[in-house]
Amino acid sequence: MSDSITMNETPRSRRWVLGPRNQVRLEYLLEGTADDLALCQHVRDNSPLFYGGCLRTEINLDPETVDEVNDRGRWTATVQYEELVGVIGFEGGESTAHLTQSIQTVHKYAPAGQTAPDFKGAIGINGTDVEGVDVPAPTWDFQLSVIRTAADVDAGYLATLRAAQGKVNSVAYTIYAPGVTWTFQAGELLLRRVTAQQRGKDSWEITGHFSASENATNIAVGDITVSAKWGWEYLWVLYQGDVDAVANQYVKKPLAAYVEQVFRTAVFPPLACSQAPS
């Protein structure tokens, strides 16, 4: 059947749309049969998988004339290609954090002739309790969508994506998108979820939803220095009673600081796109 099919590119072919993810469309004129299924397979077999750094994502076949009695036909096929680059979107937000320790005590006041106790940055001391305070905590979330070839997305790759959800990067991880190369150090990136959608037989669109939190070093907690904390680790403080000799007052002061791992870690699978063969 395919031997009787002719397939020629039309003058309307190679129409480009330039944007965050470039697209190009090739158009062909096919003649020789009324069998649309055979024509679809012929276009798939005879159009390039890659064109101009773009991956084939869609094939459309439209009839112009069809003679089923004599098995003759004239058809137009359009083949859509999309660039293999990541498209990234950012979203700043806000949550609430409960703090029991300040960055620093900026001022303290007491009646004339008295000295305000030094709580070493502890917030909201009420008798023997450190009540703390709820403060807005900015969040930095983003999504990265990439197109990968079907050959890149097998059961093992999808299983790796699933296993990485809800985990923090255990090694440095680099995000690639047009004009953006952004490396996160180990412990700074939480992969909240992944969506994957098959786009025909040739490609998948995969989107990773991330939240970022910077690592920190040399964090002052009263007289204690926390040397290092990953962005998604949790820092908490143990307080003890003491007497401020200057103020002659019972106070609560940090006795120890603890950095806790609250998320499991994983080596994130690559979301960067496959490259077209040269």
# chains A, B, ... in the order shown; residues from 1 in each chain; ligands from 1

$ select_by_dssp --residues "region 111-254 of chain A" --states "strand (DSSP E or B)" --output "PyMOL selection string"
chain A and resi 122+125-126+129-130+133-149+167-169+173-177+180-184+189-199+203-212+216-221+224-229+233-244+249-254

$ closest_atom_pairs --of "region 171-227 of chain A" --to "region 253-275 of chain A" --cutoff "8 Å" --atoms "only C-alpha atoms" --output "tab-separated table"
residue	atom	partner	partner_atom	distance
A:Val171	CA	A:Val267	CA	6.3
A:Tyr173	CA	A:Phe268	CA	7.4
A:Ile175	CA	A:Ala272	CA	7.3
A:Tyr176	CA	A:Ala272	CA	6.3
A:Ile206	CA	A:Leu271	CA	7.6
A:Gly208	CA	A:Leu271	CA	7.8
A:Val221	CA	A:Pro254	CA	7.0
A:Gly222	CA	A:Pro254	CA	6.0
A:Asp223	CA	A:Pro254	CA	7.6
A:Ile224	CA	A:Ala256	CA	7.3
A:Val226	CA	A:Ala257	CA	7.2

$ residues_around --residues "Val243 (chain A)" --least-positions-apart "3" --cutoff "12 Å" --atoms "only C-alpha atoms" --output "PyMOL selection string"
chain A and resi 117-119+240+246-253

$ closest_residue --among "A:Trp204, A:Tyr239, A:Phe184, A:Tyr234" --to "Leu158 (chain A)" --atoms "only C-alpha atoms"
A:Trp204

$ atom_distance --atom1 "CA of Arg74 (chain A)" --atom2 "CA of Asp45 (chain A)"
18.3 Å

$ residues_around --residues "Thr100 (chain A)" --least-positions-apart "6" --cutoff "8 Å" --atoms "only C-alpha atoms" --output "list in words"
Ala122, Ile123, Gly124, Val130, Glu131, Gly132, Val133 and Val237 of chain A

$ select_by_dssp --residues "region 1-127 of chain A" --states "alpha helix (DSSP H)" --output "PyMOL selection string"
chain A and resi 36-46

$ write_last_selection --atoms "N, CA and C atoms" --output "PDB file, in the first residue's frame"
ATOM      1  N   ASP A  36      -7.309   5.965   5.065  1.00  0.00           N
ATOM      2  CA  ASP A  36      -6.760   6.978   5.961  1.00  0.00           C
ATOM      3  C   ASP A  36      -5.815   6.383   7.006  1.00  0.00           C
ATOM      4  N   LEU A  37      -6.066   5.172   7.479  1.00  0.00           N
ATOM      5  CA  LEU A  37      -5.171   4.562   8.479  1.00  0.00           C
ATOM      6  C   LEU A  37      -3.793   4.291   7.882  1.00  0.00           C
ATOM      7  N   ALA A  38      -3.782   3.817   6.660  1.00  0.00           N
ATOM      8  CA  ALA A  38      -2.499   3.581   5.997  1.00  0.00           C
ATOM      9  C   ALA A  38      -1.755   4.896   5.782  1.00  0.00           C
ATOM     10  N   LEU A  39      -2.493   5.961   5.478  1.00  0.00           N
ATOM     11  CA  LEU A  39      -1.866   7.268   5.273  1.00  0.00           C
ATOM     12  C   LEU A  39      -1.275   7.809   6.571  1.00  0.00           C
ATOM     13  N   CYS A  40      -2.008   7.650   7.657  1.00  0.00           N
ATOM     14  CA  CYS A  40      -1.482   8.115   8.951  1.00  0.00           C
ATOM     15  C   CYS A  40      -0.165   7.419   9.279  1.00  0.00           C
ATOM     16  N   GLN A  41      -0.121   6.112   9.062  1.00  0.00           N
ATOM     17  CA  GLN A  41       1.109   5.380   9.332  1.00  0.00           C
ATOM     18  C   GLN A  41       2.219   5.806   8.385  1.00  0.00           C
ATOM     19  N   HIS A  42       1.854   6.095   7.143  1.00  0.00           N
ATOM     20  CA  HIS A  42       2.853   6.528   6.158  1.00  0.00           C
ATOM     21  C   HIS A  42       3.471   7.865   6.578  1.00  0.00           C
ATOM     22  N   VAL A  43       2.643   8.792   7.049  1.00  0.00           N
ATOM     23  CA  VAL A  43       3.163  10.084   7.508  1.00  0.00           C
ATOM     24  C   VAL A  43       4.070   9.888   8.712  1.00  0.00           C
ATOM     25  N   ARG A  44       3.650   9.034   9.641  1.00  0.00           N
ATOM     26  CA  ARG A  44       4.485   8.780  10.815  1.00  0.00           C
ATOM     27  C   ARG A  44       5.838   8.186  10.420  1.00  0.00           C
ATOM     28  N   ASP A  45       5.814   7.274   9.459  1.00  0.00           N
ATOM     29  CA  ASP A  45       7.047   6.603   9.064  1.00  0.00           C
ATOM     30  C   ASP A  45       7.959   7.502   8.227  1.00  0.00           C
ATOM     31  N   ASN A  46       7.395   8.510   7.553  1.00  0.00           N
ATOM     32  CA  ASN A  46       8.176   9.279   6.582  1.00  0.00           C
ATOM     33  C   ASN A  46       8.372  10.752   6.938  1.00  0.00           C
TER      34      ASN A  46
END

$ atom_distance --atom1 "CA of Arg199 (chain A)" --atom2 "CA of Glu58 (chain A)"
7.8 Å

$ closest_residue --among "A:Glu27, A:Asp244, A:Glu91, A:Asp129" --to "Arg14 (chain A)" --atoms "only C-alpha atoms"
A:Glu27

$ residues_around --residues "Trp232 (chain A)" --least-positions-apart "5" --cutoff "9 Å" --atoms "only C-alpha atoms" --output "CSV table (one decimal) with C-alpha atoms, in the first residue's frame"
chain,number,residue,atom,x,y,z
A,168,VAL,CA,14.2,17.0,49.3
A,187,GLY,CA,18.6,20.4,50.9
A,188,GLU,CA,17.0,23.5,49.3
A,189,LEU,CA,14.4,22.0,47.0
A,190,LEU,CA,11.2,20.1,47.8
A,212,ALA,CA,12.5,26.3,47.4
A,213,SER,CA,14.0,27.1,50.8
A,214,GLU,CA,17.5,28.4,51.2
A,215,ASN,CA,20.1,26.7,53.3
A,261,GLN,CA,15.4,16.1,59.3
A,262,VAL,CA,11.6,16.0,58.6
A,263,PHE,CA,11.7,15.1,54.9

$ decode --residues "region 56-94 of chain A" --atoms "N, CA and C atoms" --output "PDB file, in the first residue's frame"
ATOM      1  N   ARG A  56       8.464  16.000  17.182  1.00  0.00           N
ATOM      2  CA  ARG A  56       7.131  15.783  16.612  1.00  0.00           C
ATOM      3  C   ARG A  56       6.135  15.449  17.725  1.00  0.00           C
ATOM      4  N   THR A  57       5.055  16.227  17.789  1.00  0.00           N
ATOM      5  CA  THR A  57       4.070  16.040  18.855  1.00  0.00           C
ATOM      6  C   THR A  57       2.676  15.709  18.355  1.00  0.00           C
ATOM      7  N   GLU A  58       2.390  15.967  17.065  1.00  0.00           N
ATOM      8  CA  GLU A  58       1.024  15.779  16.595  1.00  0.00           C
ATOM      9  C   GLU A  58       1.014  15.633  15.081  1.00  0.00           C
ATOM     10  N   ILE A  59       0.135  14.745  14.576  1.00  0.00           N
ATOM     11  CA  ILE A  59      -0.071  14.578  13.139  1.00  0.00           C
ATOM     12  C   ILE A  59      -1.559  14.738  12.851  1.00  0.00           C
ATOM     13  N   ASN A  60      -1.879  15.594  11.900  1.00  0.00           N
ATOM     14  CA  ASN A  60      -3.269  15.785  11.478  1.00  0.00           C
ATOM     15  C   ASN A  60      -3.394  15.440  10.000  1.00  0.00           C
ATOM     16  N   LEU A  61      -4.447  14.702   9.658  1.00  0.00           N
ATOM     17  CA  LEU A  61      -4.684  14.291   8.284  1.00  0.00           C
ATOM     18  C   LEU A  61      -6.068  14.758   7.854  1.00  0.00           C
ATOM     19  N   ASP A  62      -6.121  15.536   6.762  1.00  0.00           N
ATOM     20  CA  ASP A  62      -7.390  16.082   6.265  1.00  0.00           C
ATOM     21  C   ASP A  62      -7.614  15.649   4.819  1.00  0.00           C
ATOM     22  N   PRO A  63      -8.816  15.118   4.484  1.00  0.00           N
ATOM     23  CA  PRO A  63      -9.091  14.698   3.109  1.00  0.00           C
ATOM     24  C   PRO A  63      -9.428  15.888   2.215  1.00  0.00           C
ATOM     25  N   GLU A  64      -8.964  15.831   0.988  1.00  0.00           N
ATOM     26  CA  GLU A  64      -9.385  16.790  -0.037  1.00  0.00           C
ATOM     27  C   GLU A  64     -10.338  16.111  -1.025  1.00  0.00           C
ATOM     28  N   THR A  65      -9.928  14.990  -1.583  1.00  0.00           N
ATOM     29  CA  THR A  65     -10.828  14.171  -2.414  1.00  0.00           C
ATOM     30  C   THR A  65     -10.585  12.710  -2.050  1.00  0.00           C
ATOM     31  N   VAL A  66     -11.685  11.939  -1.966  1.00  0.00           N
ATOM     32  CA  VAL A  66     -11.573  10.523  -1.611  1.00  0.00           C
ATOM     33  C   VAL A  66     -12.490   9.716  -2.516  1.00  0.00           C
ATOM     34  N   ASP A  67     -11.917   8.712  -3.191  1.00  0.00           N
ATOM     35  CA  ASP A  67     -12.676   7.797  -4.047  1.00  0.00           C
ATOM     36  C   ASP A  67     -12.446   6.387  -3.501  1.00  0.00           C
ATOM     37  N   GLU A  68     -13.374   5.947  -2.638  1.00  0.00           N
ATOM     38  CA  GLU A  68     -13.193   4.650  -1.997  1.00  0.00           C
ATOM     39  C   GLU A  68     -13.430   3.497  -2.972  1.00  0.00           C
ATOM     40  N   VAL A  69     -14.230   3.703  -4.004  1.00  0.00           N
ATOM     41  CA  VAL A  69     -14.492   2.637  -4.975  1.00  0.00           C
ATOM     42  C   VAL A  69     -13.208   2.247  -5.693  1.00  0.00           C
ATOM     43  N   ASN A  70     -12.438   3.257  -6.118  1.00  0.00           N
ATOM     44  CA  ASN A  70     -11.194   3.004  -6.850  1.00  0.00           C
ATOM     45  C   ASN A  70      -9.947   3.115  -5.963  1.00  0.00           C
ATOM     46  N   ASP A  71     -10.194   3.288  -4.658  1.00  0.00           N
ATOM     47  CA  ASP A  71      -9.090   3.417  -3.699  1.00  0.00           C
ATOM     48  C   ASP A  71      -8.102   4.499  -4.132  1.00  0.00           C
ATOM     49  N   ARG A  72      -8.673   5.681  -4.369  1.00  0.00           N
ATOM     50  CA  ARG A  72      -7.850   6.824  -4.715  1.00  0.00           C
ATOM     51  C   ARG A  72      -8.178   7.951  -3.747  1.00  0.00           C
ATOM     52  N   GLY A  73      -7.205   8.805  -3.498  1.00  0.00           N
ATOM     53  CA  GLY A  73      -7.469   9.924  -2.616  1.00  0.00           C
ATOM     54  C   GLY A  73      -6.366  10.956  -2.650  1.00  0.00           C
ATOM     55  N   ARG A  74      -6.737  12.141  -2.220  1.00  0.00           N
ATOM     56  CA  ARG A  74      -5.797  13.266  -2.139  1.00  0.00           C
ATOM     57  C   ARG A  74      -5.989  13.862  -0.733  1.00  0.00           C
ATOM     58  N   TRP A  75      -4.903  13.965   0.023  1.00  0.00           N
ATOM     59  CA  TRP A  75      -4.992  14.322   1.434  1.00  0.00           C
ATOM     60  C   TRP A  75      -3.932  15.367   1.782  1.00  0.00           C
ATOM     61  N   THR A  76      -4.221  16.142   2.814  1.00  0.00           N
ATOM     62  CA  THR A  76      -3.229  17.079   3.367  1.00  0.00           C
ATOM     63  C   THR A  76      -2.883  16.639   4.786  1.00  0.00           C
ATOM     64  N   ALA A  77      -1.611  16.495   5.052  1.00  0.00           N
ATOM     65  CA  ALA A  77      -1.142  16.132   6.394  1.00  0.00           C
ATOM     66  C   ALA A  77      -0.338  17.282   6.975  1.00  0.00           C
ATOM     67  N   THR A  78      -0.630  17.652   8.211  1.00  0.00           N
ATOM     68  CA  THR A  78       0.170  18.647   8.934  1.00  0.00           C
ATOM     69  C   THR A  78       0.805  17.962  10.134  1.00  0.00           C
ATOM     70  N   VAL A  79       2.095  18.189  10.288  1.00  0.00           N
ATOM     71  CA  VAL A  79       2.859  17.572  11.370  1.00  0.00           C
ATOM     72  C   VAL A  79       3.377  18.691  12.269  1.00  0.00           C
ATOM     73  N   GLN A  80       2.975  18.645  13.535  1.00  0.00           N
ATOM     74  CA  GLN A  80       3.316  19.699  14.501  1.00  0.00           C
ATOM     75  C   GLN A  80       4.557  19.289  15.282  1.00  0.00           C
ATOM     76  N   TYR A  81       5.467  20.260  15.477  1.00  0.00           N
ATOM     77  CA  TYR A  81       6.692  20.035  16.248  1.00  0.00           C
ATOM     78  C   TYR A  81       6.782  21.089  17.349  1.00  0.00           C
ATOM     79  N   GLU A  82       7.366  20.688  18.478  1.00  0.00           N
ATOM     80  CA  GLU A  82       7.498  21.611  19.609  1.00  0.00           C
ATOM     81  C   GLU A  82       8.909  21.495  20.176  1.00  0.00           C
ATOM     82  N   GLU A  83       9.460  22.640  20.551  1.00  0.00           N
ATOM     83  CA  GLU A  83      10.851  22.694  20.998  1.00  0.00           C
ATOM     84  C   GLU A  83      11.034  21.964  22.321  1.00  0.00           C
ATOM     85  N   LEU A  84      12.181  21.301  22.436  1.00  0.00           N
ATOM     86  CA  LEU A  84      12.508  20.551  23.647  1.00  0.00           C
ATOM     87  C   LEU A  84      13.195  21.471  24.656  1.00  0.00           C
ATOM     88  N   VAL A  85      12.435  22.366  25.239  1.00  0.00           N
ATOM     89  CA  VAL A  85      12.969  23.225  26.291  1.00  0.00           C
ATOM     90  C   VAL A  85      11.970  23.220  27.439  1.00  0.00           C
ATOM     91  N   GLY A  86      12.478  23.535  28.622  1.00  0.00           N
ATOM     92  CA  GLY A  86      11.590  23.655  29.764  1.00  0.00           C
ATOM     93  C   GLY A  86      10.901  25.010  29.784  1.00  0.00           C
ATOM     94  N   VAL A  87       9.661  25.015  30.244  1.00  0.00           N
ATOM     95  CA  VAL A  87       8.927  26.257  30.462  1.00  0.00           C
ATOM     96  C   VAL A  87       8.681  26.370  31.956  1.00  0.00           C
ATOM     97  N   ILE A  88       9.115  27.482  32.536  1.00  0.00           N
ATOM     98  CA  ILE A  88       9.095  27.616  33.981  1.00  0.00           C
ATOM     99  C   ILE A  88       8.150  28.736  34.401  1.00  0.00           C
ATOM    100  N   GLY A  89       7.472  28.543  35.511  1.00  0.00           N
ATOM    101  CA  GLY A  89       6.578  29.559  36.060  1.00  0.00           C
ATOM    102  C   GLY A  89       6.782  29.660  37.560  1.00  0.00           C
ATOM    103  N   PHE A  90       6.817  30.889  38.068  1.00  0.00           N
ATOM    104  CA  PHE A  90       7.077  31.122  39.483  1.00  0.00           C
ATOM    105  C   PHE A  90       5.842  31.667  40.172  1.00  0.00           C
ATOM    106  N   GLU A  91       5.737  31.366  41.452  1.00  0.00           N
ATOM    107  CA  GLU A  91       4.631  31.872  42.246  1.00  0.00           C
ATOM    108  C   GLU A  91       5.103  32.107  43.675  1.00  0.00           C
ATOM    109  N   GLY A  92       5.162  33.372  44.066  1.00  0.00           N
ATOM    110  CA  GLY A  92       5.473  33.692  45.450  1.00  0.00           C
ATOM    111  C   GLY A  92       4.206  33.623  46.283  1.00  0.00           C
ATOM    112  N   GLY A  93       4.324  33.146  47.496  1.00  0.00           N
ATOM    113  CA  GLY A  93       3.153  33.020  48.360  1.00  0.00           C
ATOM    114  C   GLY A  93       3.517  33.311  49.805  1.00  0.00           C
ATOM    115  N   GLU A  94       2.630  32.901  50.676  1.00  0.00           N
ATOM    116  CA  GLU A  94       2.839  33.195  52.088  1.00  0.00           C
ATOM    117  C   GLU A  94       2.187  32.107  52.937  1.00  0.00           C
TER     118      GLU A  94
END
